[in-house]
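Below: one structure, written as structure tokens.
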Number of protein chains: 2
Amino acid sequence: MAEDLQTLWESYKEAVRSGGNPQALYQEMVWPALAARWKEAPNVYPRREAFAVSVHTLGTSPEATILAILGTGAERVYVLHTRESASYLERLHKETDRLIHPREIGKSDVAAIYQEVKRILDQHGDVPVALDLTSGTKAMGAGLAAAGFFFRRFYPKVRVVYVDNEDYDPELRRPQAGTERLIILQDPHEALGEVDALFAKELYGKGEFAQAARYFQKMVGATGDSRWTLYQSLAGMYEAWHGLDFPEAHKKGASLLDKLAQNVWLNHPLNQYRDLLEKQVSLLEAGKAFLEGKDLGHRKGVGAVARTLLYLSEKEERPPLAALYAYRALELLLQERLYRKGRRAEEPNLTPEERAALRDALSEILAAQASAVEVPNKLGLLHLIGLLRVLGDPLLAGKRAGELRGLVGVLQARNTNLLVHGFEVPTGKQIAPLKALAKELLAELEKELGLAVSLEPLPLGF
Amino acid sequence: MAEDLQTLWESYKEAVRSGGNPQALYQEMVWPALAARWKEAPNVYPRREAFAVSVHTLGTSPEATILAILGTGAERVYVLHTRESASYLERLHKETDRLIHPREIGKSDVAAIYQEVKRILDQHGDVPVALDLTSGTKAMGAGLAAAGFFFRRFYPKVRVVYVDNEDYDPELRRPQAGTERLIILQDPHEALGEVDALFAKELYGKGEFAQAARYFQKMVGATGDSRWTLYQSLAGMYEAWHGLDFPEAHKKGASLLDKLAQNVWLNHPLNQYRDLLEKQVSLLEAGKAFLEGKDLGHRKGVGAVARTLLYLSEKEERPPLAALYAYRALELLLQERLYRKGRRAEEPNLTPEERAALRDALSEILAAQASAVEVPNKLGLLHLIGLLRVLGDPLLAGKRAGELRGLVGVLQARNTNLLVHGFEVPTGKQIAPLKALAKELLAELEKELGLAVSLEPLPLGF
């Protein structure tokens, strides 16, 4: 504490002890020196910042608010006062040499504080704004703090500040002059590295895995705790998976399982969900093996990939993309069924009898003359369904032709999708029957294989 | 205020005036009745809530904290105290009949408060928690409020509370007993309907247009101000556009332009960006006309759709999807150039001489024997490029064959994409040359047409 103020304080105490009026003596003996000091060099912790705007709640201690105005140094000053504290406004103006913009509010009207702060931020949201809760009622201070920390999400240049005293003089029941400082409050995100974990969790929950992984990685540096790398791997696994990169997703998942089995990580929260993780990694492994071998006989792999495509189709909000996922899922599942009959869609090797039967089957579904139906060399989705009926596929042959008729339009529209070769954009409604059939085929495959793994991302356990 | 407490208060004032010790008399005459009242029926505004956990900062007013503990009614009670206020802990326990979990912190150590609150929330984040800032220093209260409002984003069941007094007795310089109430603070989001606009803006900025549109719609109901419907239309326009639904996007955009031109909306903030909006809507109109007419002669429309596809390819984080957008953009642009030569990719009608020349052109690009090169009836991307070179397309014929060689792999891989008919997943790196060529073609088309509209969503003006 500065020596001159210390000396003044002692003289002031002496004068109060001798029976003087503490308030009047303070104004006369102490305050002018303190205000002069702050005009020149305010005491700001952790360091002075260039605020363009400041907002202050004002109760019965105008001196503290004057210090706050001088400490923030803003050119534009708003003061939220009550009817009672309006009488101090003129003094604030005189002692700070600043135009004061007063806003009257009820002393417990927190909503009015929010409103005022929001209005001010709407006007000045792109410059640094200090919200000072030094003076005013508890309600006013809490309201200002709430507004400050809430609105930082949208206006990152807002800071909450207050004038604190390091020493309180119990004899005089007031803060000892010279020990005041304006504190600029850190927000919890800045003060606690570990808050990034919450942001990571939020992003993970929204399916934004790449960003979540980056936050988890930051956590390792911020906390020195390498358990976060396991979360980073997990988010990376889903990122690759949803990008259909099965080998990369499997690699990340398998390495995560390895780590979780190590002694040091046995208590890792993810170990609570090891069972589900193992199933998902096993699905990834199957999908990877199938895609690498391009082997439709790898039924578990076909199931894994088809399930992934259908899952992504459900999650995808844009209809043309959702359609592509669903088409490919259905195609894979049909190809797999055809493969059981020893045939391939690219080279079906139809006998003349089969070709005729397929033509009949298609004309039945299409409700058209058989002579009007073409059978190309490379079979599309509708032809695959027809051929599987001809070949006696139990599920598809078991359906009535009329039941399949509703699918004709969407099946024939695959190549006319604007994202493939055409100019059409399907709606969510149009692709619903497509998804329904794919799901039915998938369910049968999974029942057969005893697969039934949730593709939902693992809970994080925190 | 209750009558019995009012009577007690008058007797208490009388006793103080007669020279008694205000503190001691308060404890003796007033406090027991007040505490008894709160044990039975605490005064909570706006209404009592069932908190499972409460956290209190503790300064030099244990009575207020006792009321807060009774008011929140939580079974598990944490108290953040300083070294000095530790002496009150026993009293809190005795007067509330609750086990108190004390946590000592420095009186100005805001980061320690964040830390404690976070630890407590990590343990109890899924039950209602009250953070009470009634007692303690300004720093402690501000820290608790900051933590409360910050962590509500992640732990929505956290509430900030404090004990307020409606009446303050100036003679005694203390709150008048019986007028205390525990206030549960609303957060600004609940108190101000218009905060939804900020969430809408955040979502809009992230490209989550469907959700943004829903928030803007809520704003209409919450504020009764129909200017928000214009924002809802704008978000809806981008939602449809990014879903490649050009007719719907154009409809929304055109109707928005109409509204903005009406007298009542001339001052709407979006009118600041009318110029850009008009250009975007005109692009949508062109895209719509092209897609509806399937007319490759509609160059502006081809440009609009190709630009959209390339824009979405840039924004898309999943490589297989980004690849599909880019393939289709390139294909459209090549088709358009071929159309200028009077040819169509589906039916190129090649003369035998052209077929031979195409074979040569392809063998040059592929650095393979001409005899090893096949020319199918339906031309793929690589064949289109070869044919355009044969037909003397200025841009493509001007490139060296070696320059195009780097594209061969990715062009041939289109149909082997796992999302189309194959089992491969391209990487971002693989599709980079594809995008580069498409951008080059698009730039030339746009230069010719004098198009150059940003596809970035309009600023919102708030």
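By order in the structure tokens, chains are A, B, ...; within a chain, residues start at 1; ligands start at 1, following the order shown.
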Proximal residues of chain B relative to chain A (only C-alpha atoms; 8 Å) as number ranges by chain: B: 110-111, 114-115, 122, 134, 138-139, 141-143, 145-147, 149-150, 154, 162, 164, 185-188, 191-192, 198, 202, 242-245, 291-292, 294, 318-321, 324-325, 328, 418-421, 423-425, 462
Contacts of Ala397 in chain A at 12 Å (only C-alpha atoms; same-chain gap of 2+ positions) as a compact mmCIF listing (two decimals) with C-alpha atoms, in the first residue's frame:
```
# COMPACT_ATOMS: atom_id res chain seq x y z
CA ALA A 361 -41.17 -60.94 -62.24
CA ILE A 365 -43.92 -55.63 -59.79
CA LEU A 384 -31.84 -57.45 -58.14
CA ILE A 385 -35.08 -57.68 -56.22
CA GLY A 386 -36.80 -59.30 -59.20
CA LEU A 387 -33.99 -61.78 -59.68
CA LEU A 388 -33.95 -62.74 -56.01
CA ARG A 389 -37.67 -63.48 -56.27
CA VAL A 390 -37.02 -65.64 -59.33
CA LEU A 391 -34.25 -67.46 -57.48
CA GLY A 392 -36.56 -68.11 -54.54
CA ASP A 393 -35.05 -65.83 -51.91
CA PRO A 394 -37.29 -66.57 -48.94
CA LEU A 395 -37.77 -63.01 -47.75
CA LYS A 399 -43.67 -60.51 -50.55
CA ARG A 400 -46.61 -59.68 -52.76
CA ALA A 401 -45.69 -57.82 -55.94
CA GLU A 403 -46.12 -54.52 -51.78
CA LEU A 404 -42.96 -53.86 -53.75
```
Shell of 7 Å around Ile105 in chain B, only C-alpha atoms, local chain residues under 6 positions omitted, as a PyMOL selection string: chain B and resi 80-82+112
Output all heavy atoms for every residue in that selection, as a compact mmCIF listing (two decimals), in the first residue's frame.
```txt
# COMPACT_ATOMS: atom_id res chain seq x y z
N LEU B 80 -18.43 -23.46 1.23
CA LEU B 80 -17.12 -22.93 0.89
C LEU B 80 -16.84 -21.79 1.87
O LEU B 80 -17.48 -20.74 1.80
CB LEU B 80 -17.11 -22.40 -0.55
CG LEU B 80 -17.70 -23.32 -1.62
CD1 LEU B 80 -17.58 -22.68 -3.02
CD2 LEU B 80 -17.03 -24.68 -1.62
N HIS B 81 -15.91 -22.04 2.78
CA HIS B 81 -15.67 -21.06 3.84
C HIS B 81 -14.22 -20.60 3.78
O HIS B 81 -13.37 -21.21 3.14
CB HIS B 81 -15.97 -21.69 5.19
CG HIS B 81 -15.06 -22.85 5.49
ND1 HIS B 81 -13.86 -22.69 6.16
CD2 HIS B 81 -15.14 -24.17 5.16
CE1 HIS B 81 -13.25 -23.88 6.25
NE2 HIS B 81 -14.01 -24.80 5.65
N THR B 82 -13.94 -19.52 4.47
CA THR B 82 -12.56 -19.05 4.60
C THR B 82 -12.04 -19.55 5.95
O THR B 82 -12.78 -20.12 6.76
CB THR B 82 -12.51 -17.52 4.58
OG1 THR B 82 -13.30 -17.04 5.68
CG2 THR B 82 -13.10 -16.98 3.29
N ALA B 112 -10.35 -21.14 -7.16
CA ALA B 112 -10.62 -22.24 -6.23
C ALA B 112 -12.12 -22.51 -6.12
O ALA B 112 -12.55 -23.66 -6.00
CB ALA B 112 -10.05 -21.92 -4.86
```
All alpha helix (DSSP H) residues (DSSP, backbone) inside range 59-132 of chain A, as a PyMOL selection string: chain A and resi 62-72+89-96+110-124
Write out as a PDB file with C-alpha atoms, in the first residue's frame each polymer residue whose atoms come within 9 Å of Ile69 in chain B, counting only C-alpha atoms; drop sequence neighbours fewer than 3 positions from it.
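For reference, result.pdb as written:
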```pdb
ATOM      1  CA  SER B  54     -26.613 -27.088  -2.188  1.00  0.00           C
ATOM      2  CA  VAL B  55     -23.353 -25.149  -2.195  1.00  0.00           C
ATOM      3  CA  HIS B  56     -22.935 -22.041  -0.070  1.00  0.00           C
ATOM      4  CA  ALA B  64     -28.342 -15.878   6.141  1.00  0.00           C
ATOM      5  CA  THR B  65     -26.587 -19.088   5.160  1.00  0.00           C
ATOM      6  CA  ILE B  66     -28.703 -21.064   7.628  1.00  0.00           C
ATOM      7  CA  THR B  72     -33.051 -24.998  -0.598  1.00  0.00           C
ATOM      8  CA  GLY B  73     -33.825 -28.034   1.548  1.00  0.00           C
ATOM      9  CA  ALA B  74     -30.991 -30.060   0.035  1.00  0.00           C
ATOM     10  CA  VAL B  77     -24.751 -29.415   1.799  1.00  0.00           C
ATOM     11  CA  LEU B  92     -24.691 -24.347  10.554  1.00  0.00           C
ATOM     12  CA  THR B  96     -29.998 -27.063  10.104  1.00  0.00           C
ATOM     13  CA  ARG B  98     -27.605 -31.406   8.255  1.00  0.00           C
ATOM     14  CA  ASP B 132     -26.090 -19.905  -2.900  1.00  0.00           C
TER      15      ASP B 132
END
```
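The gap separating CA of Ala213 in chain A from CA of Gly236 in chain A is 6.1 Å, in Å to one decimal.
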DSSP strand (DSSP E or B) selection over range 42-290 of chain B, as number ranges by chain: B: 44-45, 53-58, 76-81, 100-104, 129-132, 158-165, 168-169, 174-175, 180-184
9 Å contact set for Leu330 in chain A, only C-alpha atoms, chain neighbours under 5 positions out, as a PyMOL selection string: chain A and resi 306+310+325+335+381+434-435+437-439+441-442
Long-range neighbours of range 168-177 of chain B as a CSV table (one decimal) with C-alpha atoms, in the first residue's frame, 9 Å cut-off, only C-alpha atoms, 3 positions minimum in chain:
```csv
chain,number,residue,atom,x,y,z
B,1,MET,CA,-44.5,-10.0,6.9
B,5,LEU,CA,-42.1,-11.5,13.8
B,6,GLN,CA,-43.2,-7.9,13.4
B,8,LEU,CA,-40.7,-9.4,18.0
B,9,TRP,CA,-38.9,-6.9,15.8
B,13,LYS,CA,-35.8,-2.3,18.4
B,16,VAL,CA,-31.6,-1.9,21.3
B,22,PRO,CA,-27.8,-5.4,19.1
B,30,VAL,CA,-35.4,-12.6,17.0
B,31,TRP,CA,-33.3,-15.3,15.5
B,34,LEU,CA,-37.1,-16.7,12.4
B,164,ASP,CA,-32.7,-11.3,-0.2
B,165,ASN,CA,-34.5,-8.9,2.2
B,180,GLU,CA,-36.1,-12.5,4.0
```
Surrounding residues of Glu49 in chain A excluding itself and chain neighbours under 5 positions, 12 Å, only C-alpha atoms, as a VMD selection string: chain A and resid 42 to 44 54 70 to 74 127 to 130 157 to 159 161 182 to 184
Selection to disk with all heavy atoms, as a compact mmCIF listing (two decimals), in the first residue's frame:
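The resulting part_36.txt:
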```
# COMPACT_ATOMS: atom_id res chain seq x y z
N PRO A 42 -4.77 3.57 -11.83
CA PRO A 42 -5.66 2.65 -11.10
C PRO A 42 -4.99 1.30 -10.90
O PRO A 42 -4.13 0.89 -11.69
CB PRO A 42 -6.87 2.54 -12.01
CG PRO A 42 -6.43 2.95 -13.36
CD PRO A 42 -5.27 3.89 -13.18
N ASN A 43 -5.39 0.67 -9.82
CA ASN A 43 -4.82 -0.61 -9.45
C ASN A 43 -5.72 -1.72 -10.03
O ASN A 43 -6.82 -1.93 -9.54
CB ASN A 43 -4.76 -0.67 -7.92
CG ASN A 43 -3.98 -1.85 -7.42
OD1 ASN A 43 -3.30 -2.52 -8.20
ND2 ASN A 43 -4.06 -2.11 -6.13
N VAL A 44 -5.25 -2.38 -11.08
CA VAL A 44 -6.09 -3.37 -11.76
C VAL A 44 -5.40 -4.73 -11.74
O VAL A 44 -4.20 -4.84 -12.02
CB VAL A 44 -6.36 -2.97 -13.23
CG1 VAL A 44 -7.30 -3.98 -13.89
CG2 VAL A 44 -6.95 -1.57 -13.30
N SER A 54 -18.30 0.43 -20.18
CA SER A 54 -18.45 -0.22 -18.88
C SER A 54 -19.88 -0.05 -18.38
O SER A 54 -20.56 0.92 -18.72
CB SER A 54 -17.44 0.33 -17.87
OG SER A 54 -17.67 1.70 -17.64
N LEU A 70 -12.98 4.56 -13.10
CA LEU A 70 -11.60 4.97 -13.40
C LEU A 70 -10.74 3.75 -13.76
O LEU A 70 -9.87 3.82 -14.62
CB LEU A 70 -11.00 5.71 -12.21
CG LEU A 70 -11.69 7.03 -11.85
CD1 LEU A 70 -11.15 7.59 -10.53
CD2 LEU A 70 -11.53 8.06 -12.98
N GLY A 71 -11.02 2.63 -13.13
CA GLY A 71 -10.21 1.43 -13.36
C GLY A 71 -10.45 0.79 -14.72
O GLY A 71 -9.52 0.33 -15.36
N THR A 72 -11.70 0.79 -15.15
CA THR A 72 -11.95 0.20 -16.47
C THR A 72 -11.53 1.17 -17.57
O THR A 72 -11.16 0.75 -18.65
CB THR A 72 -13.45 -0.15 -16.67
OG1 THR A 72 -14.20 1.05 -16.49
CG2 THR A 72 -13.92 -1.19 -15.68
N GLY A 73 -11.64 2.47 -17.28
CA GLY A 73 -11.17 3.47 -18.24
C GLY A 73 -12.02 3.58 -19.49
O GLY A 73 -11.59 4.17 -20.48
N ALA A 74 -13.23 3.03 -19.46
CA ALA A 74 -14.07 3.06 -20.66
C ALA A 74 -14.54 4.48 -20.94
O ALA A 74 -14.74 5.29 -20.04
CB ALA A 74 -15.27 2.14 -20.47
N VAL A 127 -16.94 -4.75 -29.08
CA VAL A 127 -15.82 -4.08 -28.39
C VAL A 127 -15.75 -4.61 -26.96
O VAL A 127 -16.71 -5.19 -26.46
CB VAL A 127 -16.00 -2.55 -28.37
CG1 VAL A 127 -16.00 -1.99 -29.79
CG2 VAL A 127 -17.28 -2.16 -27.64
N PRO A 128 -14.61 -4.43 -26.28
CA PRO A 128 -14.52 -4.93 -24.91
C PRO A 128 -15.45 -4.17 -23.96
O PRO A 128 -15.43 -2.94 -23.92
CB PRO A 128 -13.04 -4.68 -24.55
CG PRO A 128 -12.32 -4.57 -25.86
CD PRO A 128 -13.31 -3.93 -26.79
N VAL A 129 -16.26 -4.92 -23.25
CA VAL A 129 -17.22 -4.34 -22.30
C VAL A 129 -16.92 -4.89 -20.92
O VAL A 129 -16.74 -6.09 -20.75
CB VAL A 129 -18.67 -4.70 -22.70
CG1 VAL A 129 -19.65 -4.16 -21.67
CG2 VAL A 129 -19.01 -4.18 -24.09
N ALA A 130 -16.86 -3.99 -19.91
CA ALA A 130 -16.69 -4.43 -18.52
C ALA A 130 -18.01 -4.32 -17.79
O ALA A 130 -18.66 -3.28 -17.85
CB ALA A 130 -15.63 -3.57 -17.84
N LYS A 157 -16.08 -10.64 -25.82
CA LYS A 157 -15.26 -9.56 -25.26
C LYS A 157 -15.82 -8.98 -23.97
O LYS A 157 -15.33 -7.96 -23.49
CB LYS A 157 -15.06 -8.46 -26.30
CG LYS A 157 -14.15 -8.92 -27.44
CD LYS A 157 -13.87 -7.79 -28.40
CE LYS A 157 -12.92 -8.27 -29.49
NZ LYS A 157 -12.81 -7.25 -30.55
N VAL A 158 -16.86 -9.58 -23.43
CA VAL A 158 -17.42 -9.11 -22.16
C VAL A 158 -16.62 -9.65 -20.99
O VAL A 158 -16.27 -10.83 -20.97
CB VAL A 158 -18.89 -9.59 -22.02
CG1 VAL A 158 -19.44 -9.24 -20.65
CG2 VAL A 158 -19.73 -8.99 -23.12
N ARG A 159 -16.31 -8.80 -20.02
CA ARG A 159 -15.65 -9.26 -18.80
C ARG A 159 -16.45 -8.80 -17.59
O ARG A 159 -17.06 -7.74 -17.61
CB ARG A 159 -14.23 -8.67 -18.68
CG ARG A 159 -13.35 -8.83 -19.89
CD ARG A 159 -13.09 -10.27 -20.25
NE ARG A 159 -12.48 -11.00 -19.19
CZ ARG A 159 -11.28 -11.57 -19.24
NH1 ARG A 159 -10.57 -11.47 -20.35
NH2 ARG A 159 -10.80 -12.25 -18.23
N VAL A 161 -16.15 -7.55 -13.71
CA VAL A 161 -15.12 -6.95 -12.85
C VAL A 161 -15.75 -6.48 -11.54
O VAL A 161 -16.97 -6.33 -11.44
CB VAL A 161 -14.44 -5.74 -13.54
CG1 VAL A 161 -13.92 -6.12 -14.93
CG2 VAL A 161 -15.39 -4.55 -13.65
N LEU A 182 -9.16 -3.18 -8.71
CA LEU A 182 -10.20 -3.63 -9.63
C LEU A 182 -9.79 -5.01 -10.12
O LEU A 182 -8.74 -5.18 -10.73
CB LEU A 182 -10.32 -2.67 -10.81
CG LEU A 182 -11.41 -3.06 -11.83
CD1 LEU A 182 -12.78 -2.66 -11.32
CD2 LEU A 182 -11.16 -2.40 -13.19
N ILE A 183 -10.64 -5.99 -9.84
CA ILE A 183 -10.34 -7.36 -10.27
C ILE A 183 -11.09 -7.67 -11.56
O ILE A 183 -12.31 -7.47 -11.62
CB ILE A 183 -10.79 -8.38 -9.21
CG1 ILE A 183 -10.32 -7.97 -7.82
CG2 ILE A 183 -10.40 -9.79 -9.60
CD1 ILE A 183 -9.12 -8.66 -7.33
N ILE A 184 -10.38 -8.13 -12.56
CA ILE A 184 -11.05 -8.62 -13.76
C ILE A 184 -11.19 -10.12 -13.60
O ILE A 184 -10.20 -10.85 -13.54
CB ILE A 184 -10.23 -8.28 -15.02
CG1 ILE A 184 -10.07 -6.76 -15.11
CG2 ILE A 184 -10.91 -8.83 -16.26
CD1 ILE A 184 -9.17 -6.31 -16.25
```
